[in-house]
Amino acid sequence: VKNACVMHWFDSMGSPPAIYSGQFQGDVLTVTTQGAFGHTRAVFDLAKEKQYTFKMDVSQDGSVWHPFMEGTYVRQG
């Protein structure tokens, strides 16, 4: 995909590394991957100054999505 953003995901929960890709739509970056456990989508909302919201959703079929985790990160100082 032209102008794609790529994210490499590593964690300590035993999952193999995953490569996500996607694009910005305005101030929101959405990247997706598909692996042995189904589909995963990560969304970074950068619309607000000095903070962003991160959401991760999972899906077995890539159509019906379920929330997995969400957080808002605020820059201090």
# chains A, B, ... in the order shown; residues from 1 in each chain; ligands from 1

$ residues_around --residues "region 50-56 of chain A" --least-positions-apart "4" --cutoff "6 Å" --atoms "only C-alpha atoms" --output "PDB file with N, CA, C and O atoms, in the first residue's frame"
ATOM      1  N   ARG A  41      -6.822  -5.002  15.263  1.00  0.00           N
ATOM      2  CA  ARG A  41      -6.808  -3.624  14.771  1.00  0.00           C
ATOM      3  C   ARG A  41      -6.341  -2.722  15.909  1.00  0.00           C
ATOM      4  O   ARG A  41      -6.835  -2.826  17.033  1.00  0.00           O
ATOM      5  N   ALA A  42      -5.381  -1.845  15.617  1.00  0.00           N
ATOM      6  CA  ALA A  42      -4.904  -0.858  16.587  1.00  0.00           C
ATOM      7  C   ALA A  42      -5.209   0.532  16.042  1.00  0.00           C
ATOM      8  O   ALA A  42      -4.933   0.815  14.873  1.00  0.00           O
ATOM      9  N   VAL A  43      -5.788   1.380  16.891  1.00  0.00           N
ATOM     10  CA  VAL A  43      -6.195   2.722  16.485  1.00  0.00           C
ATOM     11  C   VAL A  43      -5.533   3.737  17.422  1.00  0.00           C
ATOM     12  O   VAL A  43      -5.679   3.649  18.648  1.00  0.00           O
ATOM     13  N   PHE A  44      -4.807   4.690  16.840  1.00  0.00           N
ATOM     14  CA  PHE A  44      -4.155   5.767  17.570  1.00  0.00           C
ATOM     15  C   PHE A  44      -4.848   7.072  17.200  1.00  0.00           C
ATOM     16  O   PHE A  44      -4.753   7.513  16.053  1.00  0.00           O
ATOM     17  N   ASP A  45      -5.550   7.688  18.139  1.00  0.00           N
ATOM     18  CA  ASP A  45      -6.241   8.958  17.896  1.00  0.00           C
ATOM     19  C   ASP A  45      -5.361  10.079  18.438  1.00  0.00           C
ATOM     20  O   ASP A  45      -5.203  10.235  19.649  1.00  0.00           O
ATOM     21  N   LEU A  46      -4.782  10.867  17.527  1.00  0.00           N
ATOM     22  CA  LEU A  46      -3.830  11.920  17.883  1.00  0.00           C
ATOM     23  C   LEU A  46      -4.445  13.310  17.772  1.00  0.00           C
ATOM     24  O   LEU A  46      -3.728  14.309  17.662  1.00  0.00           O
ATOM     25  N   PHE A  68     -10.463  -4.994  22.971  1.00  0.00           N
ATOM     26  CA  PHE A  68      -9.469  -5.783  23.699  1.00  0.00           C
ATOM     27  C   PHE A  68      -8.808  -4.935  24.781  1.00  0.00           C
ATOM     28  O   PHE A  68      -8.649  -5.370  25.908  1.00  0.00           O
ATOM     29  N   MET A  69      -8.399  -3.704  24.430  1.00  0.00           N
ATOM     30  CA  MET A  69      -7.822  -2.783  25.405  1.00  0.00           C
ATOM     31  C   MET A  69      -7.960  -1.360  24.894  1.00  0.00           C
ATOM     32  O   MET A  69      -8.109  -1.130  23.696  1.00  0.00           O
ATOM     33  N   GLU A  70      -7.938  -0.412  25.838  1.00  0.00           N
ATOM     34  CA  GLU A  70      -8.021   0.999  25.488  1.00  0.00           C
ATOM     35  C   GLU A  70      -7.334   1.808  26.572  1.00  0.00           C
ATOM     36  O   GLU A  70      -7.409   1.468  27.748  1.00  0.00           O
ATOM     37  N   GLY A  71      -6.668   2.882  26.167  1.00  0.00           N
ATOM     38  CA  GLY A  71      -6.035   3.759  27.125  1.00  0.00           C
ATOM     39  C   GLY A  71      -5.821   5.137  26.559  1.00  0.00           C
ATOM     40  O   GLY A  71      -5.722   5.311  25.345  1.00  0.00           O
ATOM     41  N   THR A  72      -5.773   6.119  27.445  1.00  0.00           N
ATOM     42  CA  THR A  72      -5.449   7.482  27.055  1.00  0.00           C
ATOM     43  C   THR A  72      -4.150   7.855  27.716  1.00  0.00           C
ATOM     44  O   THR A  72      -3.981   7.658  28.936  1.00  0.00           O
ATOM     45  N   TYR A  73      -3.243   8.356  26.939  1.00  0.00           N
ATOM     46  CA  TYR A  73      -1.896   8.701  27.401  1.00  0.00           C
ATOM     47  C   TYR A  73      -1.749  10.208  27.337  1.00  0.00           C
ATOM     48  O   TYR A  73      -1.995  10.818  26.304  1.00  0.00           O
ATOM     49  N   VAL A  74      -1.359  10.836  28.472  1.00  0.00           N
ATOM     50  CA  VAL A  74      -1.292  12.285  28.577  1.00  0.00           C
ATOM     51  C   VAL A  74       0.143  12.687  28.893  1.00  0.00           C
ATOM     52  O   VAL A  74       0.768  12.135  29.815  1.00  0.00           O
ATOM     53  N   ARG A  75       0.648  13.648  28.138  1.00  0.00           N
ATOM     54  CA  ARG A  75       2.000  14.165  28.376  1.00  0.00           C
ATOM     55  C   ARG A  75       1.963  15.069  29.607  1.00  0.00           C
ATOM     56  O   ARG A  75       1.155  15.982  29.712  1.00  0.00           O
TER      57      ARG A  75
END

$ residues_around --residues "region 33-37 of chain A" --least-positions-apart "4" --cutoff "8 Å" --atoms "only C-alpha atoms" --output "list of chain:residue names"
A:Ala18, A:Ile19, A:Tyr20, A:Ser21, A:Arg41, A:Gln60

$ select_by_dssp --residues "chain A" --states "strand (DSSP E or B)" --output "PyMOL selection string"
chain A and resi 5-9+18-25+28-35+38-45+51-59+66-74

$ write_last_selection --atoms "N, CA and C atoms" --output "compact mmCIF listing (two decimals), in the first residue's frame"
# COMPACT_ATOMS: atom_id res chain seq x y z
N CYS A 5 1.71 3.11 6.84
CA CYS A 5 2.45 3.13 8.10
C CYS A 5 2.56 1.68 8.54
N VAL A 6 3.72 1.30 9.06
CA VAL A 6 3.95 -0.07 9.50
C VAL A 6 4.35 -0.06 10.96
N MET A 7 3.75 -0.95 11.75
CA MET A 7 4.06 -1.08 13.16
C MET A 7 4.45 -2.53 13.45
N HIS A 8 5.53 -2.71 14.18
CA HIS A 8 5.96 -4.03 14.62
C HIS A 8 5.59 -4.16 16.09
N TRP A 9 4.77 -5.17 16.41
CA TRP A 9 4.27 -5.36 17.77
C TRP A 9 4.98 -6.54 18.42
N ALA A 18 4.14 -9.36 15.55
CA ALA A 18 3.15 -9.13 14.50
C ALA A 18 3.51 -7.85 13.75
N ILE A 19 3.22 -7.82 12.47
CA ILE A 19 3.44 -6.63 11.64
C ILE A 19 2.08 -6.10 11.23
N TYR A 20 1.79 -4.88 11.64
CA TYR A 20 0.54 -4.18 11.32
C TYR A 20 0.83 -3.17 10.22
N SER A 21 -0.16 -2.88 9.39
CA SER A 21 -0.02 -1.80 8.41
C SER A 21 -1.35 -1.09 8.25
N GLY A 22 -1.28 0.18 7.88
CA GLY A 22 -2.48 0.97 7.69
C GLY A 22 -2.14 2.39 7.34
N GLN A 23 -3.09 3.28 7.48
CA GLN A 23 -2.90 4.66 7.09
C GLN A 23 -3.61 5.61 8.04
N PHE A 24 -3.20 6.88 7.96
CA PHE A 24 -3.88 7.95 8.68
C PHE A 24 -5.14 8.35 7.93
N GLN A 25 -6.16 8.68 8.69
CA GLN A 25 -7.34 9.34 8.17
C GLN A 25 -7.53 10.53 9.10
N VAL A 28 -6.18 10.27 12.88
CA VAL A 28 -6.34 8.91 13.41
C VAL A 28 -5.59 7.91 12.53
N LEU A 29 -4.67 7.17 13.16
CA LEU A 29 -3.94 6.11 12.48
C LEU A 29 -4.58 4.77 12.85
N THR A 30 -4.98 4.00 11.84
CA THR A 30 -5.53 2.67 12.05
C THR A 30 -4.64 1.67 11.32
N VAL A 31 -4.13 0.69 12.06
CA VAL A 31 -3.29 -0.36 11.48
C VAL A 31 -3.89 -1.71 11.85
N THR A 32 -3.76 -2.67 10.95
CA THR A 32 -4.35 -3.99 11.16
C THR A 32 -3.34 -5.09 10.84
N THR A 33 -3.63 -6.27 11.37
CA THR A 33 -2.85 -7.46 11.07
C THR A 33 -3.77 -8.67 11.14
N GLN A 34 -3.33 -9.74 10.53
CA GLN A 34 -4.06 -11.01 10.61
C GLN A 34 -3.05 -12.09 10.95
N GLY A 35 -3.39 -12.93 11.93
CA GLY A 35 -2.47 -13.98 12.35
C GLY A 35 -3.22 -15.23 12.76
N GLY A 38 -6.54 -14.72 14.58
CA GLY A 38 -7.57 -13.91 13.94
C GLY A 38 -7.02 -12.55 13.53
N HIS A 39 -7.89 -11.56 13.51
CA HIS A 39 -7.56 -10.20 13.08
C HIS A 39 -7.41 -9.30 14.30
N THR A 40 -6.50 -8.35 14.19
CA THR A 40 -6.32 -7.36 15.25
C THR A 40 -6.21 -5.99 14.61
N ARG A 41 -6.82 -5.00 15.26
CA ARG A 41 -6.81 -3.62 14.77
C ARG A 41 -6.34 -2.72 15.91
N ALA A 42 -5.38 -1.84 15.62
CA ALA A 42 -4.90 -0.86 16.59
C ALA A 42 -5.21 0.53 16.04
N VAL A 43 -5.79 1.38 16.89
CA VAL A 43 -6.20 2.72 16.49
C VAL A 43 -5.53 3.74 17.42
N PHE A 44 -4.81 4.69 16.84
CA PHE A 44 -4.16 5.77 17.57
C PHE A 44 -4.85 7.07 17.20
N ASP A 45 -5.55 7.69 18.14
CA ASP A 45 -6.24 8.96 17.90
C ASP A 45 -5.36 10.08 18.44
N GLN A 51 -1.81 14.57 24.12
CA GLN A 51 -2.34 13.27 24.54
C GLN A 51 -2.79 12.48 23.32
N TYR A 52 -2.90 11.19 23.50
CA TYR A 52 -3.50 10.37 22.46
C TYR A 52 -4.25 9.22 23.10
N THR A 53 -5.19 8.68 22.35
CA THR A 53 -5.96 7.52 22.78
C THR A 53 -5.57 6.33 21.92
N PHE A 54 -5.35 5.20 22.56
CA PHE A 54 -4.99 3.96 21.88
C PHE A 54 -6.10 2.95 22.14
N LYS A 55 -6.56 2.28 21.09
CA LYS A 55 -7.54 1.21 21.22
C LYS A 55 -7.05 0.01 20.42
N MET A 56 -7.29 -1.18 20.95
CA MET A 56 -7.01 -2.40 20.21
C MET A 56 -8.27 -3.25 20.23
N ASP A 57 -8.67 -3.70 19.04
CA ASP A 57 -9.84 -4.54 18.87
C ASP A 57 -9.42 -5.85 18.22
N VAL A 58 -10.17 -6.91 18.48
CA VAL A 58 -9.89 -8.23 17.89
C VAL A 58 -11.14 -8.75 17.18
N SER A 59 -10.91 -9.62 16.21
CA SER A 59 -12.00 -10.20 15.43
C SER A 59 -11.60 -11.56 14.90
N HIS A 66 -14.33 -6.76 18.53
CA HIS A 66 -14.57 -6.72 19.97
C HIS A 66 -13.43 -5.96 20.63
N PRO A 67 -13.74 -5.07 21.58
CA PRO A 67 -12.68 -4.33 22.27
C PRO A 67 -11.76 -5.28 23.03
N PHE A 68 -10.46 -4.99 22.97
CA PHE A 68 -9.47 -5.78 23.70
C PHE A 68 -8.81 -4.94 24.78
N MET A 69 -8.40 -3.70 24.43
CA MET A 69 -7.82 -2.78 25.41
C MET A 69 -7.96 -1.36 24.89
N GLU A 70 -7.94 -0.41 25.84
CA GLU A 70 -8.02 1.00 25.49
C GLU A 70 -7.33 1.81 26.57
N GLY A 71 -6.67 2.88 26.17
CA GLY A 71 -6.04 3.76 27.12
C GLY A 71 -5.82 5.14 26.56
N THR A 72 -5.77 6.12 27.45
CA THR A 72 -5.45 7.48 27.06
C THR A 72 -4.15 7.86 27.72
N TYR A 73 -3.24 8.36 26.94
CA TYR A 73 -1.90 8.70 27.40
C TYR A 73 -1.75 10.21 27.34
N VAL A 74 -1.36 10.84 28.47
CA VAL A 74 -1.29 12.29 28.58
C VAL A 74 0.14 12.69 28.89

$ atom_distance --atom1 "CA of Lys48 (chain A)" --atom2 "CA of Ser63 (chain A)"
28.5 Å

$ atom_distance --atom1 "CA of Gln76 (chain A)" --atom2 "CA of Ala47 (chain A)"
17.0 Å
